[in-house]
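Dropping upload.pdb in here (PDB, C-alpha atoms):
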MODEL        1
ATOM      1  CA  MET U   1      33.148  40.828 217.931  1.00  0.00           C
ATOM      2  CA  ILE U   2      34.378  37.329 217.186  1.00  0.00           C
ATOM      3  CA  PRO U   3      35.250  36.524 213.557  1.00  0.00           C
ATOM      4  CA  LEU U   4      34.350  33.067 212.294  1.00  0.00           C
ATOM      5  CA  ARG U   5      35.752  33.174 208.763  1.00  0.00           C
ATOM      6  CA  ASP U   6      36.331  35.524 205.868  1.00  0.00           C
ATOM      7  CA  SER U   7      35.068  35.318 202.297  1.00  0.00           C
ATOM      8  CA  ILE U   8      38.366  35.329 200.369  1.00  0.00           C
ATOM      9  CA  PRO U   9      39.811  31.878 199.594  1.00  0.00           C
ATOM     10  CA  SER U  10      43.578  31.572 199.492  1.00  0.00           C
ATOM     11  CA  ARG U  11      45.166  30.379 196.251  1.00  0.00           C
ATOM     12  CA  SER U  12      48.118  28.692 197.966  1.00  0.00           C
ATOM     13  CA  ARG U  13      48.855  26.953 201.236  1.00  0.00           C
ATOM     14  CA  PRO U  14      50.074  29.398 203.914  1.00  0.00           C
ATOM     15  CA  TYR U  15      53.109  27.386 204.996  1.00  0.00           C
ATOM     16  CA  VAL U  16      54.658  30.240 206.996  1.00  0.00           C
ATOM     17  CA  GLU U  17      51.404  30.808 208.840  1.00  0.00           C
ATOM     18  CA  TYR U  18      51.272  27.091 209.652  1.00  0.00           C
ATOM     19  CA  ALA U  19      54.862  27.239 210.922  1.00  0.00           C
ATOM     20  CA  ILE U  20      54.069  30.234 213.128  1.00  0.00           C
ATOM     21  CA  LEU U  21      51.002  28.476 214.517  1.00  0.00           C
ATOM     22  CA  ALA U  22      53.019  25.326 215.209  1.00  0.00           C
ATOM     23  CA  LEU U  23      55.990  27.085 216.818  1.00  0.00           C
ATOM     24  CA  THR U  24      53.777  29.330 218.967  1.00  0.00           C
ATOM     25  CA  SER U  25      51.773  26.289 220.050  1.00  0.00           C
ATOM     26  CA  LEU U  26      54.923  24.438 221.080  1.00  0.00           C
ATOM     27  CA  VAL U  27      56.138  27.399 223.114  1.00  0.00           C
ATOM     28  CA  PHE U  28      52.743  27.704 224.790  1.00  0.00           C
ATOM     29  CA  LEU U  29      52.750  23.997 225.682  1.00  0.00           C
ATOM     30  CA  TYR U  30      56.209  24.488 227.195  1.00  0.00           C
ATOM     31  CA  GLU U  31      54.853  27.388 229.251  1.00  0.00           C
ATOM     32  CA  LEU U  32      52.095  25.154 230.608  1.00  0.00           C
ATOM     33  CA  LEU U  33      54.749  22.787 231.987  1.00  0.00           C
ATOM     34  CA  LEU U  34      56.627  25.475 233.896  1.00  0.00           C
ATOM     35  CA  PRO U  35      56.023  26.150 237.599  1.00  0.00           C
ATOM     36  CA  GLU U  36      54.749  29.635 238.382  1.00  0.00           C
ATOM     37  CA  ARG U  37      58.096  31.144 239.405  1.00  0.00           C
ATOM     38  CA  ALA U  38      59.876  29.746 236.349  1.00  0.00           C
ATOM     39  CA  LEU U  39      57.053  30.939 234.097  1.00  0.00           C
ATOM     40  CA  GLU U  40      57.379  34.485 235.442  1.00  0.00           C
ATOM     41  CA  ARG U  41      61.114  34.420 234.763  1.00  0.00           C
ATOM     42  CA  PHE U  42      60.534  32.997 231.288  1.00  0.00           C
ATOM     43  CA  ALA U  43      58.119  35.842 230.472  1.00  0.00           C
ATOM     44  CA  SER U  44      60.545  38.399 231.873  1.00  0.00           C
ATOM     45  CA  ASP U  45      63.506  37.033 229.916  1.00  0.00           C
ATOM     46  CA  PHE U  46      61.764  36.653 226.564  1.00  0.00           C
ATOM     47  CA  GLY U  47      59.028  39.286 226.749  1.00  0.00           C
ATOM     48  CA  VAL U  48      59.303  42.994 225.985  1.00  0.00           C
ATOM     49  CA  VAL U  49      60.179  44.892 229.175  1.00  0.00           C
ATOM     50  CA  PRO U  50      59.962  48.589 228.225  1.00  0.00           C
ATOM     51  CA  ALA U  51      62.219  49.729 231.060  1.00  0.00           C
ATOM     52  CA  ARG U  52      64.891  47.242 229.938  1.00  0.00           C
ATOM     53  CA  VAL U  53      64.665  48.350 226.305  1.00  0.00           C
ATOM     54  CA  THR U  54      64.984  52.022 227.237  1.00  0.00           C
ATOM     55  CA  GLY U  55      67.652  51.379 229.884  1.00  0.00           C
ATOM     56  CA  SER U  56      65.665  53.234 232.538  1.00  0.00           C
ATOM     57  CA  LEU U  57      66.335  50.579 235.175  1.00  0.00           C
ATOM     58  CA  PRO U  58      69.403  50.962 237.425  1.00  0.00           C
ATOM     59  CA  PHE U  59      72.472  48.859 236.718  1.00  0.00           C
ATOM     60  CA  GLY U  60      72.254  45.507 238.441  1.00  0.00           C
ATOM     61  CA  HIS U  61      68.444  45.451 238.528  1.00  0.00           C
ATOM     62  CA  PRO U  62      67.194  41.852 238.061  1.00  0.00           C
ATOM     63  CA  LEU U  63      65.141  42.801 234.985  1.00  0.00           C
ATOM     64  CA  MET U  64      68.286  44.056 233.250  1.00  0.00           C
ATOM     65  CA  GLU U  65      69.653  40.501 233.193  1.00  0.00           C
ATOM     66  CA  GLY U  66      67.463  39.459 230.247  1.00  0.00           C
ATOM     67  CA  PRO U  67      68.247  40.181 226.577  1.00  0.00           C
ATOM     68  CA  ARG U  68      67.619  43.864 225.977  1.00  0.00           C
ATOM     69  CA  TYR U  69      66.172  43.760 222.468  1.00  0.00           C
ATOM     70  CA  ALA U  70      65.582  40.095 221.584  1.00  0.00           C
ATOM     71  CA  GLY U  71      62.229  40.187 223.373  1.00  0.00           C
ATOM     72  CA  LEU U  72      60.878  42.428 220.620  1.00  0.00           C
ATOM     73  CA  VAL U  73      60.793  39.254 218.503  1.00  0.00           C
ATOM     74  CA  THR U  74      60.480  36.415 221.009  1.00  0.00           C
ATOM     75  CA  ALA U  75      57.584  38.015 222.913  1.00  0.00           C
ATOM     76  CA  ALA U  76      55.316  37.134 219.979  1.00  0.00           C
ATOM     77  CA  LEU U  77      55.766  33.443 220.800  1.00  0.00           C
ATOM     78  CA  LEU U  78      54.658  33.706 224.444  1.00  0.00           C
ATOM     79  CA  HIS U  79      51.133  33.938 225.851  1.00  0.00           C
ATOM     80  CA  ALA U  80      49.577  34.545 229.233  1.00  0.00           C
ATOM     81  CA  GLY U  81      46.828  31.932 229.093  1.00  0.00           C
ATOM     82  CA  TRP U  82      44.515  29.854 226.935  1.00  0.00           C
ATOM     83  CA  LEU U  83      42.213  32.736 225.956  1.00  0.00           C
ATOM     84  CA  HIS U  84      45.164  34.932 225.002  1.00  0.00           C
ATOM     85  CA  PHE U  85      46.780  32.142 222.969  1.00  0.00           C
ATOM     86  CA  LEU U  86      43.645  30.881 221.208  1.00  0.00           C
ATOM     87  CA  GLY U  87      42.409  34.395 220.388  1.00  0.00           C
ATOM     88  CA  ASN U  88      45.660  35.387 218.693  1.00  0.00           C
ATOM     89  CA  MET U  89      46.012  32.142 216.776  1.00  0.00           C
ATOM     90  CA  TRP U  90      42.364  32.310 215.666  1.00  0.00           C
ATOM     91  CA  PHE U  91      42.752  35.822 214.239  1.00  0.00           C
ATOM     92  CA  LEU U  92      46.025  34.846 212.555  1.00  0.00           C
ATOM     93  CA  ARG U  93      44.401  31.808 210.949  1.00  0.00           C
ATOM     94  CA  ILE U  94      41.515  33.848 209.565  1.00  0.00           C
ATOM     95  CA  PHE U  95      43.428  36.838 208.180  1.00  0.00           C
ATOM     96  CA  GLY U  96      46.978  35.534 207.713  1.00  0.00           C
ATOM     97  CA  ASP U  97      46.536  33.154 204.787  1.00  0.00           C
ATOM     98  CA  ASN U  98      45.378  35.851 202.372  1.00  0.00           C
ATOM     99  CA  VAL U  99      48.185  38.223 203.332  1.00  0.00           C
ATOM    100  CA  GLU U 100      50.766  35.439 202.917  1.00  0.00           C
ATOM    101  CA  ASP U 101      49.158  34.515 199.611  1.00  0.00           C
ATOM    102  CA  HIS U 102      49.654  38.102 198.438  1.00  0.00           C
ATOM    103  CA  LEU U 103      53.196  38.641 199.754  1.00  0.00           C
ATOM    104  CA  GLY U 104      54.591  35.175 199.231  1.00  0.00           C
ATOM    105  CA  HIS U 105      56.099  32.984 201.943  1.00  0.00           C
ATOM    106  CA  GLY U 106      59.459  34.702 202.392  1.00  0.00           C
ATOM    107  CA  ARG U 107      58.143  38.257 202.476  1.00  0.00           C
ATOM    108  CA  PHE U 108      55.322  37.240 204.808  1.00  0.00           C
ATOM    109  CA  LEU U 109      57.813  35.906 207.360  1.00  0.00           C
ATOM    110  CA  VAL U 110      59.794  39.154 207.197  1.00  0.00           C
ATOM    111  CA  PHE U 111      56.524  41.093 207.424  1.00  0.00           C
ATOM    112  CA  TYR U 112      55.369  39.211 210.533  1.00  0.00           C
ATOM    113  CA  VAL U 113      58.668  39.678 212.379  1.00  0.00           C
ATOM    114  CA  LEU U 114      58.853  43.393 211.544  1.00  0.00           C
ATOM    115  CA  CYS U 115      55.277  43.904 212.754  1.00  0.00           C
ATOM    116  CA  ALA U 116      56.100  42.134 216.023  1.00  0.00           C
ATOM    117  CA  VAL U 117      59.083  44.439 216.538  1.00  0.00           C
ATOM    118  CA  ALA U 118      57.114  47.581 215.632  1.00  0.00           C
ATOM    119  CA  ALA U 119      54.272  46.601 217.966  1.00  0.00           C
ATOM    120  CA  GLY U 120      56.692  46.082 220.846  1.00  0.00           C
ATOM    121  CA  LEU U 121      58.363  49.434 220.196  1.00  0.00           C
ATOM    122  CA  SER U 122      54.934  51.095 220.149  1.00  0.00           C
ATOM    123  CA  GLN U 123      54.253  49.837 223.663  1.00  0.00           C
ATOM    124  CA  VAL U 124      57.734  50.871 224.785  1.00  0.00           C
ATOM    125  CA  ALA U 125      57.121  54.383 223.447  1.00  0.00           C
ATOM    126  CA  ALA U 126      53.768  54.558 225.240  1.00  0.00           C
ATOM    127  CA  ASP U 127      55.134  53.408 228.619  1.00  0.00           C
ATOM    128  CA  PRO U 128      58.944  53.564 228.537  1.00  0.00           C
ATOM    129  CA  ALA U 129      59.540  53.075 232.260  1.00  0.00           C
ATOM    130  CA  SER U 130      57.245  50.080 232.737  1.00  0.00           C
ATOM    131  CA  PRO U 131      58.876  47.001 234.323  1.00  0.00           C
ATOM    132  CA  LEU U 132      55.994  44.767 233.213  1.00  0.00           C
ATOM    133  CA  PRO U 133      56.802  42.173 230.537  1.00  0.00           C
ATOM    134  CA  MET U 134      54.626  42.402 227.437  1.00  0.00           C
ATOM    135  CA  ILE U 135      54.047  39.061 225.755  1.00  0.00           C
ATOM    136  CA  GLY U 136      51.821  37.720 223.010  1.00  0.00           C
ATOM    137  CA  ALA U 137      51.419  37.643 219.246  1.00  0.00           C
ATOM    138  CA  SER U 138      48.711  40.313 219.374  1.00  0.00           C
ATOM    139  CA  GLY U 139      50.884  43.071 217.905  1.00  0.00           C
ATOM    140  CA  ALA U 140      52.179  40.937 215.031  1.00  0.00           C
ATOM    141  CA  VAL U 141      48.677  39.638 214.318  1.00  0.00           C
ATOM    142  CA  ALA U 142      47.413  43.225 214.404  1.00  0.00           C
ATOM    143  CA  GLY U 143      49.945  43.947 211.662  1.00  0.00           C
ATOM    144  CA  VAL U 144      48.434  41.137 209.600  1.00  0.00           C
ATOM    145  CA  MET U 145      45.013  42.700 210.165  1.00  0.00           C
ATOM    146  CA  GLY U 146      46.317  46.096 209.054  1.00  0.00           C
ATOM    147  CA  ALA U 147      47.625  44.581 205.820  1.00  0.00           C
ATOM    148  CA  TYR U 148      44.331  42.754 205.271  1.00  0.00           C
ATOM    149  CA  PHE U 149      42.505  46.082 205.818  1.00  0.00           C
ATOM    150  CA  VAL U 150      44.413  47.579 202.878  1.00  0.00           C
ATOM    151  CA  LEU U 151      44.421  44.557 200.591  1.00  0.00           C
ATOM    152  CA  PHE U 152      40.912  43.141 201.010  1.00  0.00           C
ATOM    153  CA  PRO U 153      38.543  45.942 202.105  1.00  0.00           C
ATOM    154  CA  ARG U 154      35.664  44.415 200.121  1.00  0.00           C
ATOM    155  CA  SER U 155      35.968  41.047 201.793  1.00  0.00           C
ATOM    156  CA  LYS U 156      33.249  39.987 204.226  1.00  0.00           C
ATOM    157  CA  VAL U 157      33.803  38.611 207.714  1.00  0.00           C
ATOM    158  CA  LEU U 158      31.235  36.283 209.238  1.00  0.00           C
ATOM    159  CA  THR U 159      31.128  37.548 212.814  1.00  0.00           C
ATOM    160  CA  VAL U 160      29.559  36.673 216.159  1.00  0.00           C
ATOM    161  CA  VAL U 161      28.348  39.848 217.858  1.00  0.00           C
ATOM    162  CA  PRO U 162      27.493  39.287 221.535  1.00  0.00           C
ATOM    163  CA  ILE U 163      24.823  41.843 222.465  1.00  0.00           C
ATOM    164  CA  PHE U 164      22.140  40.335 224.715  1.00  0.00           C
ATOM    165  CA  PHE U 165      22.454  37.139 222.729  1.00  0.00           C
ATOM    166  CA  PHE U 166      24.864  35.830 220.103  1.00  0.00           C
ATOM    167  CA  LEU U 167      24.082  37.395 216.732  1.00  0.00           C
ATOM    168  CA  VAL U 168      25.882  36.036 213.661  1.00  0.00           C
ATOM    169  CA  VAL U 169      26.210  38.672 210.935  1.00  0.00           C
ATOM    170  CA  GLU U 170      28.259  39.313 207.801  1.00  0.00           C
ATOM    171  CA  ILE U 171      30.381  42.455 208.215  1.00  0.00           C
ATOM    172  CA  PRO U 172      32.564  44.137 205.556  1.00  0.00           C
ATOM    173  CA  ALA U 173      36.213  43.599 206.439  1.00  0.00           C
ATOM    174  CA  ILE U 174      36.916  47.336 206.254  1.00  0.00           C
ATOM    175  CA  SER U 175      34.251  47.918 208.945  1.00  0.00           C
ATOM    176  CA  PHE U 176      35.257  44.981 211.158  1.00  0.00           C
ATOM    177  CA  LEU U 177      38.940  45.887 211.134  1.00  0.00           C
ATOM    178  CA  GLY U 178      38.314  49.632 211.301  1.00  0.00           C
ATOM    179  CA  ILE U 179      36.152  49.241 214.414  1.00  0.00           C
ATOM    180  CA  TRP U 180      38.731  46.917 215.969  1.00  0.00           C
ATOM    181  CA  PHE U 181      41.526  49.461 215.410  1.00  0.00           C
ATOM    182  CA  LEU U 182      39.484  52.352 216.782  1.00  0.00           C
ATOM    183  CA  LEU U 183      38.720  50.360 219.937  1.00  0.00           C
ATOM    184  CA  GLN U 184      42.435  49.676 220.474  1.00  0.00           C
ATOM    185  CA  PHE U 185      43.321  53.334 219.894  1.00  0.00           C
ATOM    186  CA  LEU U 186      40.597  54.648 222.197  1.00  0.00           C
ATOM    187  CA  ASN U 187      41.393  52.160 224.947  1.00  0.00           C
ATOM    188  CA  GLY U 188      45.085  52.968 224.650  1.00  0.00           C
ATOM    189  CA  THR U 189      44.349  56.692 224.927  1.00  0.00           C
ATOM    190  CA  LEU U 190      42.143  56.159 227.983  1.00  0.00           C
ATOM    191  CA  SER U 191      44.738  53.899 229.628  1.00  0.00           C
ATOM    192  CA  SER U 192      47.482  56.459 229.080  1.00  0.00           C
ATOM    193  CA  ALA U 193      45.294  59.288 230.383  1.00  0.00           C
ATOM    194  CA  ALA U 194      44.507  57.278 233.510  1.00  0.00           C
ATOM    195  CA  GLY U 195      48.138  56.289 233.990  1.00  0.00           C
ATOM    196  CA  ALA U 196      47.090  52.638 234.013  1.00  0.00           C
ATOM    197  CA  GLN U 197      49.673  49.889 233.699  1.00  0.00           C
ATOM    198  CA  GLY U 198      49.323  46.175 233.113  1.00  0.00           C
ATOM    199  CA  GLY U 199      46.456  44.350 231.441  1.00  0.00           C
ATOM    200  CA  VAL U 200      46.057  44.676 227.697  1.00  0.00           C
ATOM    201  CA  ALA U 201      48.797  46.342 225.629  1.00  0.00           C
ATOM    202  CA  PHE U 202      46.461  48.472 223.521  1.00  0.00           C
ATOM    203  CA  TRP U 203      49.248  50.589 222.053  1.00  0.00           C
ATOM    204  CA  ALA U 204      51.024  47.469 220.821  1.00  0.00           C
ATOM    205  CA  HIS U 205      47.803  46.493 219.045  1.00  0.00           C
ATOM    206  CA  ALA U 206      47.272  49.924 217.497  1.00  0.00           C
ATOM    207  CA  GLY U 207      50.960  50.279 216.609  1.00  0.00           C
ATOM    208  CA  GLY U 208      51.017  46.792 215.133  1.00  0.00           C
ATOM    209  CA  PHE U 209      47.994  47.541 212.955  1.00  0.00           C
ATOM    210  CA  LEU U 210      49.521  50.741 211.567  1.00  0.00           C
ATOM    211  CA  SER U 211      52.918  49.099 211.126  1.00  0.00           C
ATOM    212  CA  GLY U 212      51.258  46.346 209.103  1.00  0.00           C
ATOM    213  CA  ILE U 213      50.078  48.958 206.616  1.00  0.00           C
ATOM    214  CA  LEU U 214      53.495  50.633 206.454  1.00  0.00           C
ATOM    215  CA  VAL U 215      55.552  47.441 206.293  1.00  0.00           C
ATOM    216  CA  LEU U 216      53.263  46.126 203.580  1.00  0.00           C
ATOM    217  CA  GLY U 217      54.214  49.153 201.506  1.00  0.00           C
ATOM    218  CA  LEU U 218      57.927  48.816 202.304  1.00  0.00           C
ATOM    219  CA  LEU U 219      57.814  45.243 201.027  1.00  0.00           C
ATOM    220  CA  GLY U 220      56.113  46.328 197.820  1.00  0.00           C
ATOM    221  CA  GLY U 221      52.765  44.858 198.756  1.00  0.00           C
ATOM    222  CA  TRP U 222      50.439  47.793 198.184  1.00  0.00           C
ATOM    223  CA  ARG U 223      49.555  46.662 194.672  1.00  0.00           C
ATOM    224  CA  SER U 224      46.023  45.275 194.384  1.00  0.00           C
ATOM    225  CA  PRO U 225      45.931  41.499 194.885  1.00  0.00           C
ATOM    226  CA  GLN U 226      44.657  39.277 192.118  1.00  0.00           C
ATOM    227  CA  ALA U 227      42.224  37.548 194.445  1.00  0.00           C
ATOM    228  CA  PRO U 228      39.671  34.918 193.390  1.00  0.00           C
ATOM    229  CA  SER U 229      36.023  35.858 193.539  1.00  0.00           C
ATOM    230  CA  ALA U 230      34.909  36.116 197.166  1.00  0.00           C
ATOM    231  CA  ARG U 231      32.936  33.175 198.419  1.00  0.00           C
ATOM    232  CA  TRP U 232      32.425  31.621 201.820  1.00  0.00           C
ATOM    233  CA  ARG U 233      34.924  28.889 202.460  1.00  0.00           C
ATOM    234  CA  GLY U 234      35.225  26.322 205.183  1.00  0.00           C
ATOM    235  CA  SER U 235      38.001  27.391 207.499  1.00  0.00           C
ATOM    236  CA  PHE U 236      39.886  26.105 210.471  1.00  0.00           C
ATOM    237  CA  SER U 237      39.973  29.708 211.456  1.00  0.00           C
ATOM    238  CA  GLY U 238      41.403  31.220 212.198  1.00  0.00           C
ATOM    239  CA  GLY U 239      50.023  40.244 235.453  1.00  0.00           C
ATOM    240  CA  TRP U 240      51.270  40.410 231.835  1.00  0.00           C
ATOM    241  CA  ARG U 241      50.378  42.497 228.875  1.00  0.00           C
ATOM    242  CA  GLY U 242      49.214  40.877 225.678  1.00  0.00           C
TER     243      GLY U 242
ENDMDL
END

What is this file in structure tokens?
Amino acid sequence: MIPLRDSIPSRSRPYVEYAILALTSLVFLYELLLPERALERFASDFGVVPARVTGSLPFGHPLMEGPRYAGLVTAALLHAGWLHFLGNMWFLRIFGDNVEDHLGHGRFLVFYVLCAVAAGLSQVAADPASPLPMIGASGAVAGVMGAYFVLFPRSKVLTVVPIFFFLVVEIPAISFLGIWFLLQFLNGTLSSAAGAQGGVAFWAHAGGFLSGILVLGLLGGWRSPQAPSARWRGSFSGGWRG
């Protein structure tokens, strides 16, 4: 399912969301300029390497040279390709403005960083000995989606559903986001059962979504938002694991 836009207009400009989009875009453009070997090292140094976080690698191992914990934050700025980058930024643009509108700019920044960290730790817990770098904003964006799930369940999401052709339908946000979370959880369970490594970091997605709900509460955001009446609005909406 591909969301096109939601039905809840924001009452204020999401300046933090814009800053995240801009900074992540700049980092991605920098990645595009790197040769392959340098790009791999960049992802290793600034991504989440579970085995480095848990210290399960032997002393002197090349992967232990990178920052041990900083990647839990910086990994959210890196992406493994155009599809990975555009998908994450698109979802953030669609769901992030309303969450920032509700929390305010400062709390939203704290919220986003904490969700990125929690998502990374979720993947570390699921595969603690993995030497594969996990990169991408998916976990932090999943946290935004988790908060949106709680705050705006009655919102509608205009969605492209590719079956045998592209069907455009209006789906309640609680259904869209609930289905998305269940898919991440089921895929994560199947991947763990099969002992699969690499590819998509499903547990980071599922952990990010749940952390978004919890962090929202920790920041005092569980109160019902005073949202404007829902109406469709024009919107610029919006190897490695991601």

For segment 104-181 of chain U against segment 49-68 of chain U, with a cut-off of 7 Å and counting all atoms listed in the file, what is the closest atom pair and its distance in Å to one decimal for every residue that makes the cut, ordered by chain and number, as a tab-separated table?
residue	atom	partner	partner_atom	distance
U:Val124	CA	U:Pro50	CA	4.7
U:Asp127	CA	U:Pro50	CA	6.8
U:Pro128	CA	U:Pro50	CA	5.1
U:Ala129	CA	U:Ala51	CA	4.5
U:Ser130	CA	U:Ala51	CA	5.3
U:Pro131	CA	U:Ala51	CA	5.4
U:Leu132	CA	U:Val49	CA	5.8
U:Pro133	CA	U:Val49	CA	4.5
U:Met134	CA	U:Val49	CA	6.3

Okay, now the selection with C-alpha atoms, as a PDB file, in the frame of the given file?
ATOM      1  CA  VAL U 124      57.734  50.871 224.785  1.00  0.00           C
ATOM      2  CA  ASP U 127      55.134  53.408 228.619  1.00  0.00           C
ATOM      3  CA  PRO U 128      58.944  53.564 228.537  1.00  0.00           C
ATOM      4  CA  ALA U 129      59.540  53.075 232.260  1.00  0.00           C
ATOM      5  CA  SER U 130      57.245  50.080 232.737  1.00  0.00           C
ATOM      6  CA  PRO U 131      58.876  47.001 234.323  1.00  0.00           C
ATOM      7  CA  LEU U 132      55.994  44.767 233.213  1.00  0.00           C
ATOM      8  CA  PRO U 133      56.802  42.173 230.537  1.00  0.00           C
ATOM      9  CA  MET U 134      54.626  42.402 227.437  1.00  0.00           C
TER      10      MET U 134
END

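In this comparison, which uses all atoms listed in the file, the residue of U:Ala75, U:Pro9, U:Gly81, U:Ile179 approaching Leu32 of chain U most closely is U:Gly81.
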
Hey, what's within 10 Å of Ala147 of chain U if we count all atoms listed in the file and toss same-chain stuff fewer than 2 positions away? As an MDAnalysis selection string, please?
chainID U and resid 95:96 98:99 111 141:145 149:153 209:217 221:222

From the list U:Leu29, U:Leu77, U:Leu177, U:Ala204, which residue is nearest Met89 of chain U when using all atoms listed in the file?
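Of all the options, U:Leu77 lies closest to Met89 of chain U.
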
Reference answer for the PyMOL selection byres ((chain U and resi 2) around 7), as a VMD selection string
chain U and resid 1 3 to 4 159 to 161

Quick one: distance from atom CA of Gly208 of chain U to atom CA of Gly87 of chain U in Å, one decimal?
16.0 Å

Pick from U:Cys115, U:Ile135, U:Ala43, U:Leu218: nearest to Val200 of chain U, with all atoms listed in the file counted?
U:Ile135

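Evaluated against this file, the PyMOL selection byres ((chain U and resi 100) around 10) yields Ser10, Ser12, Arg13, Pro14, Tyr15, Val16, Glu17, Phe95, Gly96, Asp97, Asn98, Val99, Asp101, His102, Leu103, Gly104, His105, Gly106, Arg107, Phe108, Leu109, Phe111, Tyr112 and Val144 of chain U.
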
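Distance check against Ser175 of chain U using all atoms listed in the file: of U:Leu21, U:Val27, U:Leu114, U:Val157, the minimum falls on U:Val157.
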
So which one's closest to Tyr69 of chain U, U:Val48, U:Ala38, U:Ala201, U:Leu167? Using only C-alpha atoms, please.
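Looking only at the distances to Tyr69 of chain U, the closest residue turns out to be U:Val48.
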
To one decimal in Å, tell me the separation between atom CA of Gln123 of chain U and atom CA of Asp45 of chain U.
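One can read the atom CA of Gln123 of chain U to atom CA of Asp45 of chain U distance as 17.0 Å.
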
What is the distance, in Å and to one decimal place, between atom CA of Leu72 of chain U and atom CA of Ala116 of chain U?
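For atom CA of Leu72 of chain U relative to atom CA of Ala116 of chain U, the distance reads 6.6 Å.
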
Fewer than 3 positions away in the same chain doesn't count, so skip those; otherwise give me all residues within 6 Å of Gly188 of chain U, counting all atoms listed in the file, as a VMD selection string.
chain U and resid 184 to 185 191 202 to 203

Just want the 12 Å neighbourhood of Leu83 of chain U, counted on only C-alpha atoms, with same-chain residues fewer than 3 positions away dropped. Output as number ranges by chain.
U: 28, 79-80, 86-90, 136, 138, 242

When the PyMOL selection byres ((chain U and resi 6) around 7) is applied to the structure above, which residues does it catch, written out as a PyMOL selection string?
chain U and resi 5+7-8+94+155-158+232

Just add N, CA and C atoms to segment 96-108 of chain U and send it as a short mmCIF file (atom, residue, chain, number, x, y, z; two decimals), in the frame of the given file.
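rebuild.cif, written as the output of this step:
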data_model
loop_
_atom_site.label_atom_id
_atom_site.label_comp_id
_atom_site.auth_asym_id
_atom_site.auth_seq_id
_atom_site.Cartn_x
_atom_site.Cartn_y
_atom_site.Cartn_z
N GLY U 96 45.60 35.68 208.14
CA GLY U 96 46.98 35.53 207.71
C GLY U 96 47.17 34.87 206.37
N ASP U 97 46.30 33.91 206.03
CA ASP U 97 46.54 33.15 204.79
C ASP U 97 46.46 34.04 203.55
N ASN U 98 45.51 34.98 203.54
CA ASN U 98 45.38 35.85 202.37
C ASN U 98 46.55 36.83 202.24
N VAL U 99 47.04 37.31 203.37
CA VAL U 99 48.18 38.22 203.33
C VAL U 99 49.43 37.48 202.88
N GLU U 100 49.63 36.24 203.37
CA GLU U 100 50.77 35.44 202.92
C GLU U 100 50.63 35.10 201.44
N ASP U 101 49.41 34.81 201.01
CA ASP U 101 49.16 34.52 199.61
C ASP U 101 49.58 35.69 198.73
N HIS U 102 49.33 36.89 199.20
CA HIS U 102 49.65 38.10 198.44
C HIS U 102 51.15 38.41 198.46
N LEU U 103 51.78 38.28 199.62
CA LEU U 103 53.20 38.64 199.75
C LEU U 103 54.13 37.53 199.32
N GLY U 104 53.69 36.30 199.42
CA GLY U 104 54.59 35.17 199.23
C GLY U 104 55.17 34.76 200.57
N HIS U 105 55.69 33.54 200.66
CA HIS U 105 56.10 32.98 201.94
C HIS U 105 57.25 33.76 202.59
N GLY U 106 58.29 34.03 201.83
CA GLY U 106 59.46 34.70 202.39
C GLY U 106 59.13 36.10 202.89
N ARG U 107 58.47 36.88 202.07
CA ARG U 107 58.14 38.26 202.48
C ARG U 107 57.16 38.27 203.64
N PHE U 108 56.27 37.28 203.69
CA PHE U 108 55.32 37.24 204.81
C PHE U 108 56.04 37.00 206.13
#
